[in-house]
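Pasting my_file.cif here (mmCIF, N, CA and C atoms):
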data_input
#
loop_
_atom_site.label_atom_id
_atom_site.label_comp_id
_atom_site.auth_asym_id
_atom_site.auth_seq_id
_atom_site.Cartn_x
_atom_site.Cartn_y
_atom_site.Cartn_z
N MET A 291 12.07 0.54 19.83
CA MET A 291 12.44 -0.67 19.13
C MET A 291 11.19 -1.36 18.59
N TYR A 292 11.33 -2.00 17.44
CA TYR A 292 10.23 -2.63 16.76
C TYR A 292 10.52 -4.11 16.53
N SER A 293 9.46 -4.92 16.48
CA SER A 293 9.62 -6.36 16.28
C SER A 293 9.65 -6.76 14.82
N LYS A 294 8.88 -6.06 13.98
CA LYS A 294 8.82 -6.40 12.56
C LYS A 294 9.07 -5.14 11.75
N VAL A 295 10.26 -5.06 11.20
CA VAL A 295 10.66 -3.89 10.42
C VAL A 295 10.86 -4.29 8.97
N LEU A 296 10.27 -3.51 8.08
CA LEU A 296 10.44 -3.70 6.64
C LEU A 296 11.30 -2.56 6.11
N VAL A 297 12.41 -2.90 5.46
CA VAL A 297 13.25 -1.89 4.84
C VAL A 297 13.27 -2.14 3.34
N ALA A 298 13.00 -1.10 2.58
CA ALA A 298 13.00 -1.20 1.13
C ALA A 298 14.35 -0.71 0.62
N THR A 299 14.92 -1.46 -0.33
CA THR A 299 16.22 -1.08 -0.86
C THR A 299 16.26 -1.20 -2.38
N ASP A 300 16.99 -0.30 -2.99
CA ASP A 300 17.23 -0.38 -4.43
C ASP A 300 18.72 -0.33 -4.73
N GLY A 301 19.53 -0.41 -3.68
CA GLY A 301 20.97 -0.39 -3.88
C GLY A 301 21.58 1.00 -3.86
N SER A 302 20.77 2.03 -3.74
CA SER A 302 21.29 3.40 -3.72
C SER A 302 21.93 3.71 -2.37
N GLU A 303 22.65 4.81 -2.30
CA GLU A 303 23.28 5.22 -1.05
C GLU A 303 22.22 5.54 0.01
N CYS A 304 21.14 6.17 -0.39
CA CYS A 304 20.04 6.46 0.57
C CYS A 304 19.47 5.15 1.11
N ALA A 305 19.33 4.15 0.26
CA ALA A 305 18.81 2.86 0.70
C ALA A 305 19.78 2.19 1.65
N ARG A 306 21.06 2.37 1.43
CA ARG A 306 22.08 1.81 2.32
C ARG A 306 21.95 2.42 3.72
N ARG A 307 21.75 3.73 3.76
CA ARG A 307 21.56 4.39 5.05
C ARG A 307 20.25 3.96 5.70
N ALA A 308 19.23 3.70 4.90
CA ALA A 308 17.96 3.20 5.43
C ALA A 308 18.16 1.84 6.08
N LEU A 309 18.95 0.98 5.44
CA LEU A 309 19.24 -0.34 6.01
C LEU A 309 19.95 -0.21 7.35
N GLU A 310 20.93 0.68 7.43
CA GLU A 310 21.64 0.89 8.69
C GLU A 310 20.69 1.37 9.79
N SER A 311 19.79 2.27 9.45
CA SER A 311 18.80 2.75 10.42
C SER A 311 17.87 1.63 10.84
N ALA A 312 17.45 0.82 9.88
CA ALA A 312 16.52 -0.27 10.17
C ALA A 312 17.14 -1.28 11.12
N ILE A 313 18.41 -1.58 10.93
CA ILE A 313 19.11 -2.52 11.81
C ILE A 313 19.04 -2.02 13.25
N LYS A 314 19.21 -0.72 13.44
CA LYS A 314 19.18 -0.14 14.78
C LYS A 314 17.77 -0.15 15.39
N MET A 315 16.75 -0.20 14.53
CA MET A 315 15.37 -0.11 15.01
C MET A 315 14.78 -1.47 15.39
N VAL A 316 15.43 -2.55 14.99
CA VAL A 316 14.90 -3.89 15.26
C VAL A 316 15.19 -4.28 16.70
N LYS A 317 14.16 -4.76 17.36
CA LYS A 317 14.28 -5.22 18.74
C LYS A 317 14.94 -6.60 18.74
N ALA A 318 16.20 -6.64 19.13
CA ALA A 318 16.91 -7.93 19.17
C ALA A 318 16.65 -8.59 20.52
N PRO A 319 16.64 -9.90 20.66
CA PRO A 319 16.91 -10.90 19.64
C PRO A 319 15.65 -11.43 18.96
N ASP A 320 14.48 -10.99 19.41
CA ASP A 320 13.26 -11.58 18.86
C ASP A 320 12.66 -10.82 17.68
N GLY A 321 13.25 -9.72 17.30
CA GLY A 321 12.73 -8.96 16.17
C GLY A 321 13.22 -9.50 14.84
N THR A 322 12.52 -9.12 13.78
CA THR A 322 12.90 -9.54 12.43
C THR A 322 12.97 -8.33 11.51
N LEU A 323 14.03 -8.27 10.74
CA LEU A 323 14.19 -7.25 9.72
C LEU A 323 13.94 -7.90 8.37
N THR A 324 12.98 -7.38 7.63
CA THR A 324 12.70 -7.88 6.29
C THR A 324 13.24 -6.87 5.28
N ILE A 325 14.14 -7.35 4.43
CA ILE A 325 14.73 -6.51 3.40
C ILE A 325 13.99 -6.78 2.11
N MET A 326 13.48 -5.71 1.50
CA MET A 326 12.65 -5.85 0.30
C MET A 326 13.27 -5.11 -0.88
N HIS A 327 13.22 -5.76 -2.02
CA HIS A 327 13.63 -5.12 -3.27
C HIS A 327 12.51 -5.32 -4.29
N VAL A 328 12.16 -4.24 -4.97
CA VAL A 328 11.10 -4.30 -5.96
C VAL A 328 11.70 -4.03 -7.34
N LEU A 329 11.52 -5.00 -8.23
CA LEU A 329 11.95 -4.82 -9.62
C LEU A 329 10.83 -4.15 -10.38
N GLN A 330 11.14 -3.02 -10.95
CA GLN A 330 10.17 -2.31 -11.78
C GLN A 330 10.64 -2.44 -13.22
N LEU A 331 10.17 -3.50 -13.86
CA LEU A 331 10.61 -3.82 -15.21
C LEU A 331 9.60 -3.35 -16.23
N SER A 332 10.11 -2.71 -17.27
CA SER A 332 9.24 -2.34 -18.37
C SER A 332 9.58 -3.25 -19.55
N PRO A 333 8.62 -3.51 -20.39
CA PRO A 333 8.87 -4.41 -21.52
C PRO A 333 9.99 -3.89 -22.42
N ALA A 334 10.82 -4.79 -22.88
CA ALA A 334 11.90 -4.44 -23.81
C ALA A 334 11.29 -4.36 -25.20
N VAL A 335 10.71 -3.24 -25.51
CA VAL A 335 10.00 -3.04 -26.78
C VAL A 335 10.93 -3.28 -27.96
N GLY A 336 10.47 -4.08 -28.88
CA GLY A 336 11.22 -4.34 -30.09
C GLY A 336 12.21 -5.49 -29.98
N PHE A 337 12.34 -6.08 -28.81
CA PHE A 337 13.31 -7.16 -28.63
C PHE A 337 12.68 -8.54 -28.71
N GLY A 338 11.38 -8.62 -28.68
CA GLY A 338 10.72 -9.91 -28.74
C GLY A 338 10.57 -10.53 -27.37
N LYS A 339 9.61 -11.43 -27.27
CA LYS A 339 9.27 -12.02 -25.98
C LYS A 339 10.42 -12.83 -25.38
N LYS A 340 11.10 -13.63 -26.18
CA LYS A 340 12.17 -14.49 -25.65
C LYS A 340 13.31 -13.66 -25.05
N LEU A 341 13.74 -12.63 -25.76
CA LEU A 341 14.82 -11.78 -25.25
C LEU A 341 14.36 -11.02 -24.02
N THR A 342 13.13 -10.55 -24.01
CA THR A 342 12.59 -9.85 -22.85
C THR A 342 12.61 -10.75 -21.63
N GLU A 343 12.23 -12.02 -21.79
CA GLU A 343 12.25 -12.98 -20.69
C GLU A 343 13.67 -13.23 -20.21
N GLU A 344 14.63 -13.28 -21.13
CA GLU A 344 16.03 -13.49 -20.76
C GLU A 344 16.57 -12.30 -19.98
N ILE A 345 16.23 -11.10 -20.41
CA ILE A 345 16.66 -9.88 -19.71
C ILE A 345 16.05 -9.85 -18.31
N GLU A 346 14.76 -10.16 -18.22
CA GLU A 346 14.10 -10.19 -16.92
C GLU A 346 14.75 -11.23 -16.01
N SER A 347 15.10 -12.37 -16.54
CA SER A 347 15.75 -13.42 -15.77
C SER A 347 17.09 -12.93 -15.20
N LEU A 348 17.85 -12.18 -15.99
CA LEU A 348 19.12 -11.63 -15.52
C LEU A 348 18.91 -10.64 -14.38
N PHE A 349 17.90 -9.77 -14.53
CA PHE A 349 17.59 -8.82 -13.47
C PHE A 349 17.18 -9.54 -12.19
N LEU A 350 16.37 -10.58 -12.33
CA LEU A 350 15.94 -11.35 -11.15
C LEU A 350 17.12 -12.04 -10.48
N LYS A 351 18.02 -12.57 -11.27
CA LYS A 351 19.21 -13.24 -10.72
C LYS A 351 20.08 -12.25 -9.95
N ASP A 352 20.31 -11.08 -10.53
CA ASP A 352 21.11 -10.05 -9.86
C ASP A 352 20.43 -9.57 -8.57
N ALA A 353 19.13 -9.37 -8.64
CA ALA A 353 18.40 -8.89 -7.46
C ALA A 353 18.41 -9.93 -6.35
N THR A 354 18.28 -11.19 -6.70
CA THR A 354 18.32 -12.27 -5.71
C THR A 354 19.69 -12.32 -5.03
N ALA A 355 20.74 -12.21 -5.81
CA ALA A 355 22.11 -12.22 -5.26
C ALA A 355 22.32 -11.00 -4.36
N PHE A 356 21.83 -9.85 -4.78
CA PHE A 356 21.93 -8.62 -3.99
C PHE A 356 21.25 -8.80 -2.63
N LEU A 357 20.04 -9.32 -2.64
CA LEU A 357 19.30 -9.52 -1.39
C LEU A 357 20.00 -10.54 -0.48
N GLU A 358 20.53 -11.59 -1.06
CA GLU A 358 21.24 -12.59 -0.25
C GLU A 358 22.48 -11.99 0.39
N ASP A 359 23.19 -11.12 -0.34
CA ASP A 359 24.35 -10.43 0.23
C ASP A 359 23.93 -9.54 1.40
N GLN A 360 22.83 -8.80 1.19
CA GLN A 360 22.32 -7.93 2.25
C GLN A 360 21.92 -8.75 3.48
N LYS A 361 21.26 -9.87 3.25
CA LYS A 361 20.82 -10.74 4.34
C LYS A 361 22.01 -11.26 5.14
N ARG A 362 23.02 -11.75 4.45
CA ARG A 362 24.21 -12.26 5.14
C ARG A 362 24.87 -11.17 6.00
N GLU A 363 24.95 -9.98 5.43
CA GLU A 363 25.57 -8.86 6.14
C GLU A 363 24.79 -8.52 7.42
N VAL A 364 23.48 -8.48 7.32
CA VAL A 364 22.66 -8.13 8.49
C VAL A 364 22.68 -9.25 9.53
N GLU A 365 22.56 -10.49 9.07
CA GLU A 365 22.57 -11.61 10.02
C GLU A 365 23.91 -11.73 10.73
N ALA A 366 24.99 -11.33 10.09
CA ALA A 366 26.31 -11.34 10.73
C ALA A 366 26.35 -10.36 11.91
N ARG A 367 25.42 -9.43 11.91
CA ARG A 367 25.33 -8.45 13.00
C ARG A 367 24.32 -8.88 14.05
N GLY A 368 23.82 -10.12 13.93
CA GLY A 368 22.96 -10.68 14.96
C GLY A 368 21.49 -10.37 14.83
N VAL A 369 21.04 -9.96 13.65
CA VAL A 369 19.64 -9.61 13.44
C VAL A 369 18.98 -10.66 12.55
N LYS A 370 17.88 -11.23 13.02
CA LYS A 370 17.13 -12.18 12.19
C LYS A 370 16.61 -11.44 10.97
N THR A 371 16.78 -12.05 9.79
CA THR A 371 16.49 -11.36 8.54
C THR A 371 15.72 -12.23 7.57
N ASP A 372 14.74 -11.62 6.93
CA ASP A 372 14.01 -12.22 5.81
C ASP A 372 14.20 -11.32 4.61
N THR A 373 13.90 -11.85 3.43
CA THR A 373 13.96 -11.03 2.21
C THR A 373 12.69 -11.21 1.41
N ILE A 374 12.37 -10.16 0.66
CA ILE A 374 11.23 -10.19 -0.26
C ILE A 374 11.70 -9.60 -1.58
N LEU A 375 11.43 -10.30 -2.66
CA LEU A 375 11.73 -9.80 -4.00
C LEU A 375 10.46 -9.93 -4.83
N VAL A 376 9.98 -8.79 -5.32
CA VAL A 376 8.77 -8.79 -6.15
C VAL A 376 8.97 -7.88 -7.35
N LYS A 377 8.11 -8.04 -8.33
CA LYS A 377 8.08 -7.16 -9.49
C LYS A 377 6.85 -6.28 -9.37
N GLY A 378 6.95 -5.05 -9.85
CA GLY A 378 5.78 -4.19 -9.86
C GLY A 378 6.10 -2.76 -9.48
N ASN A 379 5.05 -2.05 -9.11
CA ASN A 379 5.15 -0.67 -8.68
C ASN A 379 5.78 -0.65 -7.28
N PRO A 380 6.92 0.00 -7.09
CA PRO A 380 7.60 -0.06 -5.80
C PRO A 380 6.76 0.39 -4.61
N ALA A 381 6.13 1.54 -4.69
CA ALA A 381 5.36 2.03 -3.55
C ALA A 381 4.22 1.10 -3.20
N GLN A 382 3.48 0.66 -4.20
CA GLN A 382 2.37 -0.26 -3.95
C GLN A 382 2.86 -1.58 -3.37
N ALA A 383 3.96 -2.09 -3.89
CA ALA A 383 4.52 -3.36 -3.40
C ALA A 383 4.99 -3.24 -1.95
N ILE A 384 5.62 -2.13 -1.62
CA ILE A 384 6.11 -1.91 -0.25
C ILE A 384 4.93 -1.84 0.71
N LEU A 385 3.91 -1.07 0.35
CA LEU A 385 2.73 -0.94 1.22
C LEU A 385 2.03 -2.29 1.39
N HIS A 386 1.92 -3.03 0.31
CA HIS A 386 1.26 -4.34 0.38
C HIS A 386 2.05 -5.30 1.26
N ALA A 387 3.36 -5.34 1.08
CA ALA A 387 4.20 -6.23 1.88
C ALA A 387 4.14 -5.87 3.36
N ALA A 388 4.17 -4.58 3.67
CA ALA A 388 4.11 -4.15 5.07
C ALA A 388 2.80 -4.58 5.71
N GLU A 389 1.72 -4.46 4.96
CA GLU A 389 0.42 -4.88 5.48
C GLU A 389 0.36 -6.39 5.65
N GLU A 390 0.84 -7.13 4.66
CA GLU A 390 0.80 -8.59 4.70
C GLU A 390 1.61 -9.16 5.87
N MET A 391 2.75 -8.56 6.16
CA MET A 391 3.60 -9.07 7.23
C MET A 391 3.28 -8.45 8.58
N ASN A 392 2.30 -7.53 8.57
CA ASN A 392 1.90 -6.85 9.81
C ASN A 392 3.11 -6.13 10.42
N ALA A 393 3.82 -5.38 9.59
CA ALA A 393 5.02 -4.67 10.02
C ALA A 393 4.69 -3.60 11.05
N ASP A 394 5.65 -3.37 11.93
CA ASP A 394 5.54 -2.29 12.92
C ASP A 394 6.09 -0.98 12.38
N LEU A 395 7.00 -1.09 11.40
CA LEU A 395 7.70 0.08 10.88
C LEU A 395 8.19 -0.21 9.47
N ILE A 396 8.10 0.80 8.60
CA ILE A 396 8.70 0.75 7.26
C ILE A 396 9.86 1.75 7.28
N VAL A 397 11.02 1.32 6.79
CA VAL A 397 12.17 2.22 6.67
C VAL A 397 12.52 2.31 5.20
N ILE A 398 12.69 3.54 4.72
CA ILE A 398 12.95 3.76 3.30
C ILE A 398 13.84 4.99 3.14
N GLY A 399 14.68 4.96 2.12
CA GLY A 399 15.52 6.12 1.82
C GLY A 399 14.70 7.24 1.20
N SER A 400 15.16 8.46 1.38
CA SER A 400 14.42 9.60 0.85
C SER A 400 14.43 9.65 -0.67
N ARG A 401 15.50 9.15 -1.26
CA ARG A 401 15.60 9.10 -2.73
C ARG A 401 16.31 7.83 -3.12
N GLY A 402 15.89 7.28 -4.24
CA GLY A 402 16.53 6.07 -4.73
C GLY A 402 17.39 6.35 -5.93
N LEU A 403 17.50 5.36 -6.78
CA LEU A 403 18.34 5.48 -7.96
C LEU A 403 17.74 6.32 -9.07
N GLY A 404 16.42 6.49 -9.06
CA GLY A 404 15.77 7.24 -10.13
C GLY A 404 15.38 8.63 -9.69
N GLY A 405 14.80 9.36 -10.63
CA GLY A 405 14.21 10.65 -10.29
C GLY A 405 15.18 11.81 -10.36
N VAL A 406 14.63 12.98 -10.13
CA VAL A 406 15.39 14.21 -10.16
C VAL A 406 15.99 14.45 -8.78
N LYS A 407 17.29 14.67 -8.72
CA LYS A 407 17.96 14.80 -7.42
C LYS A 407 17.52 16.04 -6.65
N GLY A 408 16.95 17.00 -7.31
CA GLY A 408 16.54 18.22 -6.63
C GLY A 408 15.29 18.07 -5.78
N LEU A 409 14.60 16.97 -5.90
CA LEU A 409 13.39 16.78 -5.12
C LEU A 409 13.74 16.48 -3.67
N PHE A 410 12.94 17.00 -2.74
CA PHE A 410 13.18 16.73 -1.33
C PHE A 410 12.89 15.28 -0.98
N LEU A 411 11.84 14.74 -1.55
CA LEU A 411 11.42 13.39 -1.23
C LEU A 411 11.13 12.68 -2.55
N GLY A 412 11.69 11.52 -2.75
CA GLY A 412 11.47 10.78 -3.98
C GLY A 412 10.03 10.35 -4.12
N SER A 413 9.64 9.99 -5.32
CA SER A 413 8.24 9.63 -5.58
C SER A 413 7.83 8.37 -4.83
N VAL A 414 8.74 7.40 -4.70
CA VAL A 414 8.40 6.16 -3.98
C VAL A 414 8.24 6.44 -2.50
N SER A 415 9.23 7.10 -1.90
CA SER A 415 9.14 7.38 -0.47
C SER A 415 7.95 8.28 -0.16
N ASN A 416 7.67 9.23 -1.02
CA ASN A 416 6.52 10.10 -0.84
C ASN A 416 5.21 9.30 -0.86
N ALA A 417 5.07 8.41 -1.82
CA ALA A 417 3.87 7.58 -1.92
C ALA A 417 3.73 6.64 -0.73
N VAL A 418 4.85 6.10 -0.24
CA VAL A 418 4.79 5.21 0.92
C VAL A 418 4.37 5.99 2.16
N VAL A 419 4.97 7.15 2.37
CA VAL A 419 4.61 7.98 3.53
C VAL A 419 3.12 8.31 3.52
N HIS A 420 2.61 8.72 2.37
CA HIS A 420 1.22 9.13 2.30
C HIS A 420 0.23 7.97 2.25
N GLY A 421 0.68 6.79 1.84
CA GLY A 421 -0.22 5.66 1.72
C GLY A 421 -0.19 4.69 2.89
N SER A 422 0.77 4.86 3.79
CA SER A 422 0.94 3.90 4.87
C SER A 422 0.05 4.19 6.08
N LYS A 423 -0.41 3.09 6.67
CA LYS A 423 -1.20 3.18 7.91
C LYS A 423 -0.31 2.91 9.12
N ILE A 424 0.94 2.54 8.87
CA ILE A 424 1.89 2.30 9.95
C ILE A 424 3.02 3.32 9.87
N PRO A 425 3.80 3.46 10.93
CA PRO A 425 4.89 4.45 10.90
C PRO A 425 5.90 4.17 9.79
N VAL A 426 6.40 5.26 9.21
CA VAL A 426 7.41 5.19 8.17
C VAL A 426 8.57 6.08 8.59
N LEU A 427 9.77 5.52 8.57
CA LEU A 427 10.98 6.27 8.83
C LEU A 427 11.67 6.51 7.49
N VAL A 428 11.82 7.78 7.12
CA VAL A 428 12.49 8.13 5.87
C VAL A 428 13.88 8.64 6.23
N THR A 429 14.91 8.01 5.66
CA THR A 429 16.28 8.41 5.95
C THR A 429 16.87 9.18 4.79
N LYS A 430 17.84 10.03 5.10
CA LYS A 430 18.55 10.79 4.07
C LYS A 430 19.96 10.28 3.94
#
What would the structure in this file look like if it were written as structure tokens?
Amino acid sequence: MYSKVLVATDGSECARRALESAIKMVKAPDGTLTIMHVLQLSPAVGFGKKLTEEIESLFLKDATAFLEDQKREVEARGVKTDTILVKGNPAQAILHAAEEMNADLIVIGSRGLGGVKGLFLGSVSNAVVHGSKIPVLVTK
């Protein structure tokens, strides 16, 4: 059991299973599960700055609502929960957040919403496993 667990989610089925595993790994009642979502936004080329900002705002609103739903669901199961929402490179953001919060464990799905399904390990989970100084649990 761990006191500070960071679980990264993108809404995929693998991420859902990672969340379930993370819930089981948190040492209750004094442990904390931090649910993290990283928005990887690319500029909306040709749409202009104002429209790009509006699109980004919609993505942020959806991501915030998603994290709040996840938080409510986990807290209903008796686990203290925090959330993190950032923009940027997912693997780098996950590693940075884990270091900043002094996490005991990172939990991540083997594959997310992107990438080629034939790969054994997604690019984000692969980068987190290889870049982390703390234990990483990769779920399928």
Ground truth for the PyMOL selection byres ((chain A and resi 352-361) around 8), written as a PyMOL selection string: chain A and resi 325-327+329+346-351+362-367+370-375
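We find CA of Val316 (chain A) and atom C of Asn392 (chain A) to be spaced 12.9 Å apart.
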Gap from atom C of Val397 (chain A) to atom C of Val418 (chain A) - Å, one decimal: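 Computing the Euclidean distance for atom C of Val397 (chain A) and atom C of Val418 (chain A) yields 9.4 Å.
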Alpha helix (DSSP H) call set, DSSP backbone run, chain A, as a PyMOL selection string: chain A and resi 303-315+339-365+380-390+413-421
Length of the CA of Glu310 (chain A) to CA of Ser422 (chain A) vector [Å]: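 Between these atoms lies a distance of 21.3 Å.
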Nearest-residue call for Ile396 (chain A), choices A:Ala312, A:Cys304, A:Val328, A:Ile345, using only N, CA and C atoms: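 Closest candidate: A:Ala312.
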I would like the residues chosen by the PyMOL selection byres (((chain A and resi 399 and name CA) around 8) and name CA) on the shown file; could you give them as a short mmCIF file (atom, residue, chain, number, x, y, z; two decimals) with N, CA and C atoms, in the coordinates of the input?
data_model
loop_
_atom_site.label_atom_id
_atom_site.label_comp_id
_atom_site.auth_asym_id
_atom_site.auth_seq_id
_atom_site.Cartn_x
_atom_site.Cartn_y
_atom_site.Cartn_z
N ALA A 298 13.00 -1.10 2.58
CA ALA A 298 13.00 -1.20 1.13
C ALA A 298 14.35 -0.71 0.62
N THR A 299 14.92 -1.46 -0.33
CA THR A 299 16.22 -1.08 -0.86
C THR A 299 16.26 -1.20 -2.38
N CYS A 304 21.14 6.17 -0.39
CA CYS A 304 20.04 6.46 0.57
C CYS A 304 19.47 5.15 1.11
N ALA A 305 19.33 4.15 0.26
CA ALA A 305 18.81 2.86 0.70
C ALA A 305 19.78 2.19 1.65
N ARG A 306 21.06 2.37 1.43
CA ARG A 306 22.08 1.81 2.32
C ARG A 306 21.95 2.42 3.72
N ARG A 307 21.75 3.73 3.76
CA ARG A 307 21.56 4.39 5.05
C ARG A 307 20.25 3.96 5.70
N ALA A 308 19.23 3.70 4.90
CA ALA A 308 17.96 3.20 5.43
C ALA A 308 18.16 1.84 6.08
N VAL A 397 11.02 1.32 6.79
CA VAL A 397 12.17 2.22 6.67
C VAL A 397 12.52 2.31 5.20
N ILE A 398 12.69 3.54 4.72
CA ILE A 398 12.95 3.76 3.30
C ILE A 398 13.84 4.99 3.14
N SER A 400 15.16 8.46 1.38
CA SER A 400 14.42 9.60 0.85
C SER A 400 14.43 9.65 -0.67
N ARG A 401 15.50 9.15 -1.26
CA ARG A 401 15.60 9.10 -2.73
C ARG A 401 16.31 7.83 -3.12
N GLY A 402 15.89 7.28 -4.24
CA GLY A 402 16.53 6.07 -4.73
C GLY A 402 17.39 6.35 -5.93
N SER A 415 9.23 7.10 -1.90
CA SER A 415 9.14 7.38 -0.47
C SER A 415 7.95 8.28 -0.16
N VAL A 428 11.82 7.78 7.12
CA VAL A 428 12.49 8.13 5.87
C VAL A 428 13.88 8.64 6.23
N THR A 429 14.91 8.01 5.66
CA THR A 429 16.28 8.41 5.95
C THR A 429 16.87 9.18 4.79
N LYS A 430 17.84 10.03 5.10
CA LYS A 430 18.55 10.79 4.07
C LYS A 430 19.96 10.28 3.94
#
Nearest-residue call for Leu385 (chain A), choices A:Gln330, A:Tyr292, A:Leu309, A:Val297, using only C-alpha atoms: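 Nearest to Leu385 (chain A): A:Val297.
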Residues flagged strand (DSSP E or B) by DSSP in region 298-419 of chain A, as JSON, numbers by chain: {"A": [298, 316, 322, 323, 324, 325, 326, 327, 328, 329, 370, 371, 372, 373, 374, 375, 376, 377, 395, 396, 397, 398, 399]}
